[in-house]
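Working notes for the structure below.
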Amino acid sequence: MTANSKAAIAERLAEARERTLALVEPLDDEQLNTVYSLILSPLAWDLGHIANFEELWLVQTVGAREPMHGDLGRFYDAIENPRVTRGELPILRDTELRAYMADVRERALDVLDSVDLAADAEDPLLREGFVYEMLLAHELQHNETMLQLLQMVDGYESELVEDALAVGPVAPGPETVAIPAGEYEIGARERGFAYDNERDRHPIELGAFEIDRTPVTNAAYAEFIEDTGVEAPMYWERDGSAGWVNAARGRRAPIDPVHPVIHVSWEGADAFARWAGKRLPSEQEWEAARPRLEGVGHGWEWTASAFLPYPGFRAFPYPEYSEPFFGPEHMVLRGSSWATHPDVVRPSFRNWDLPQRRQIFSGLRCARDA
Ligand SMILES: [Fe+2]
């Protein structure tokens, strides 16, 4: 890998950090340390964790340097400290936190100068810059988690949010697309960055099915609620008459009927699909159909699949990213949301959460057997 690509990595790291800091820029230290929800971390934890993950991988692991703050890292370990406990941890705050983030970055760039990122580098972490891609993805994915929490902050405003939430018109076309029976390749290709849970790429036999070309809209979901009395999406509140408003960020904004619905639980998504006489697609069906789907990118789309390892799965570079979450209790979401950075989006990406969760930017589209 050339000096130029090292410069490109440094630039991308700087851009990601700029985005992270821009998201919290309107907030004060007290807001950064407030527990808004027991299923989400205080933002100061996310910030410290982003920097600590960078120190762990880019400074300690790759650079073989000692930790800067003794065993501070244990408070930022995501597995050791479930979200419900994070408000109680003696984590860094305010100027100490900012200084730690900057110090780690300085050291990480120093290490970057001296590493070999060639395609045949001995260390698989460094080969083609894998560990740097992982770091970038980690910070950008935490930006999305932070945006989940920022929906709970009354009065929070950000240009980034306004721009990203705007939904363009969907091209006219048929309601569903037909996908023929056959063998499809699922998972990430050999080259390029992907998480361990997206590998190995493998063939799968699918029966013929139809899938909605566009995701379920707010209007359709509202009709489903009126008809069945099921739980409304998170942040929906009655507007005093028959309609709904969106109360995210403490506002009461009208709900656009043609926008894809988000903040729906898997339970709600599955019930909607059955109410509509359809079903959720499996994650393999979703991936096979991906090139023909519209409207992808406003909300993650729940699938009928539990989060399970693919054949040949090998944990890399650490077991805690995927392995503890494999099993029938977590359901897979595919696609991306308005809060997902484009660098994180790829057809093989697998997101997951518990079936009752609605704080994520989650919607759905329906499918049925042909
Ligand atoms: Fe993390």
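In the structure tokens, the first chain shown is A, the next is B, and so on; residue numbers restart at 1 for each chain, and ligands run from 1 in the order shown.
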
*Taking only C-alpha atoms and all ligand atoms into account, which residues are within 8 Å of ligand 1, as a PyMOL selection string?*
chain A and resi 46+49-50+53+78+138-139+141-142

Closest-contact table, region 209-308 of chain A side, partner region 148-154 of chain A, 6 Å, counting only C-alpha atoms, as CSV:
```
residue,atom,partner,partner_atom,distance
A:Ala248,CA,A:Gln151,CA,5.1
A:Arg249,CA,A:Asp154,CA,4.6
A:Gly250,CA,A:Asp154,CA,4.2
```

*asked:* At a cut-off of 12 Å, using only C-alpha atoms, what residues contact Val345 (chain A)? Leave out same-chain residues fewer than 6 positions from it and give the result as JSON, numbers by chain.
replied: {"A": [137, 140, 141, 193, 194, 296, 297, 300, 334, 335, 336, 337, 338, 339, 351]}

Running DSSP on the backbone, which parts of region 26-211 of chain A land in strand (DSSP E), as a PDB file with C-alpha atoms, in the first residue's frame?
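Once everything was written out, this is part.pdb:
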```
ATOM      1  CA  THR A 176     -43.858  -6.220  -6.526  1.00  0.00           C
ATOM      2  CA  VAL A 177     -40.913  -7.779  -8.284  1.00  0.00           C
ATOM      3  CA  ALA A 178     -40.799 -11.496  -9.082  1.00  0.00           C
ATOM      4  CA  ILE A 179     -37.595 -13.344  -8.241  1.00  0.00           C
ATOM      5  CA  GLY A 182     -32.650 -20.788  -8.428  1.00  0.00           C
ATOM      6  CA  GLU A 183     -29.242 -20.710  -6.822  1.00  0.00           C
ATOM      7  CA  TYR A 184     -28.034 -17.372  -5.451  1.00  0.00           C
ATOM      8  CA  GLU A 185     -24.677 -16.353  -3.984  1.00  0.00           C
ATOM      9  CA  ILE A 186     -25.025 -14.889  -0.482  1.00  0.00           C
ATOM     10  CA  HIS A 202     -21.977 -19.380  -0.211  1.00  0.00           C
ATOM     11  CA  PRO A 203     -24.623 -20.573  -2.667  1.00  0.00           C
ATOM     12  CA  ILE A 204     -28.216 -20.991  -1.526  1.00  0.00           C
ATOM     13  CA  GLU A 205     -31.288 -22.452  -3.232  1.00  0.00           C
ATOM     14  CA  LEU A 206     -34.334 -20.188  -3.165  1.00  0.00           C
ATOM     15  CA  PHE A 209     -40.984 -15.469  -4.555  1.00  0.00           C
ATOM     16  CA  GLU A 210     -42.354 -11.969  -4.947  1.00  0.00           C
ATOM     17  CA  ILE A 211     -41.121  -9.043  -2.911  1.00  0.00           C
TER      18      ILE A 211
END
```

So that I can see what lies close to region 324-333 of chain A, please list as a PDB file with N, CA and C atoms, in the first residue's frame the residues with an atom at most 6 Å from it, counting only C-alpha atoms and leaving out residues fewer than 2 positions away in the same chain.
```
ATOM      1  N   TRP A 300     -33.707   0.514   8.051  1.00  0.00           N
ATOM      2  CA  TRP A 300     -33.312  -0.895   8.026  1.00  0.00           C
ATOM      3  C   TRP A 300     -34.575  -1.729   7.835  1.00  0.00           C
ATOM      4  N   GLU A 301     -34.440  -2.883   7.226  1.00  0.00           N
ATOM      5  CA  GLU A 301     -35.625  -3.699   6.957  1.00  0.00           C
ATOM      6  C   GLU A 301     -35.534  -5.021   7.718  1.00  0.00           C
ATOM      7  N   TRP A 302     -36.520  -5.245   8.569  1.00  0.00           N
ATOM      8  CA  TRP A 302     -36.569  -6.499   9.319  1.00  0.00           C
ATOM      9  C   TRP A 302     -36.751  -7.678   8.366  1.00  0.00           C
ATOM     10  N   THR A 303     -36.099  -8.775   8.663  1.00  0.00           N
ATOM     11  CA  THR A 303     -36.299  -9.989   7.869  1.00  0.00           C
ATOM     12  C   THR A 303     -36.837 -11.097   8.771  1.00  0.00           C
ATOM     13  N   SER A 305     -35.354 -13.784   9.308  1.00  0.00           N
ATOM     14  CA  SER A 305     -34.217 -14.634   9.681  1.00  0.00           C
ATOM     15  C   SER A 305     -33.646 -14.279  11.044  1.00  0.00           C
ATOM     16  N   ALA A 306     -33.356 -15.328  11.819  1.00  0.00           N
ATOM     17  CA  ALA A 306     -32.595 -15.133  13.059  1.00  0.00           C
ATOM     18  C   ALA A 306     -31.131 -14.953  12.678  1.00  0.00           C
ATOM     19  N   PHE A 307     -30.370 -14.287  13.570  1.00  0.00           N
ATOM     20  CA  PHE A 307     -28.952 -14.007  13.304  1.00  0.00           C
ATOM     21  C   PHE A 307     -28.127 -15.256  13.607  1.00  0.00           C
ATOM     22  N   LEU A 308     -27.699 -15.934  12.548  1.00  0.00           N
ATOM     23  CA  LEU A 308     -26.957 -17.193  12.697  1.00  0.00           C
ATOM     24  C   LEU A 308     -25.682 -17.133  11.862  1.00  0.00           C
ATOM     25  N   SER A 322     -19.560 -10.607  16.624  1.00  0.00           N
ATOM     26  CA  SER A 322     -20.732 -11.354  16.153  1.00  0.00           C
ATOM     27  C   SER A 322     -21.150 -12.483  17.087  1.00  0.00           C
ATOM     28  N   ASN A 351     -27.353  -6.502   9.985  1.00  0.00           N
ATOM     29  CA  ASN A 351     -27.588  -5.836  11.259  1.00  0.00           C
ATOM     30  C   ASN A 351     -28.519  -6.758  12.059  1.00  0.00           C
ATOM     31  N   TRP A 352     -28.580  -6.590  13.365  1.00  0.00           N
ATOM     32  CA  TRP A 352     -29.462  -7.448  14.146  1.00  0.00           C
ATOM     33  C   TRP A 352     -29.916  -6.733  15.403  1.00  0.00           C
ATOM     34  N   ASP A 353     -31.061  -7.154  15.936  1.00  0.00           N
ATOM     35  CA  ASP A 353     -31.512  -6.642  17.233  1.00  0.00           C
ATOM     36  C   ASP A 353     -32.580  -7.577  17.791  1.00  0.00           C
ATOM     37  N   LEU A 354     -32.991  -7.298  19.017  1.00  0.00           N
ATOM     38  CA  LEU A 354     -34.045  -8.087  19.658  1.00  0.00           C
ATOM     39  C   LEU A 354     -35.383  -7.746  19.010  1.00  0.00           C
TER      40      LEU A 354
END
```
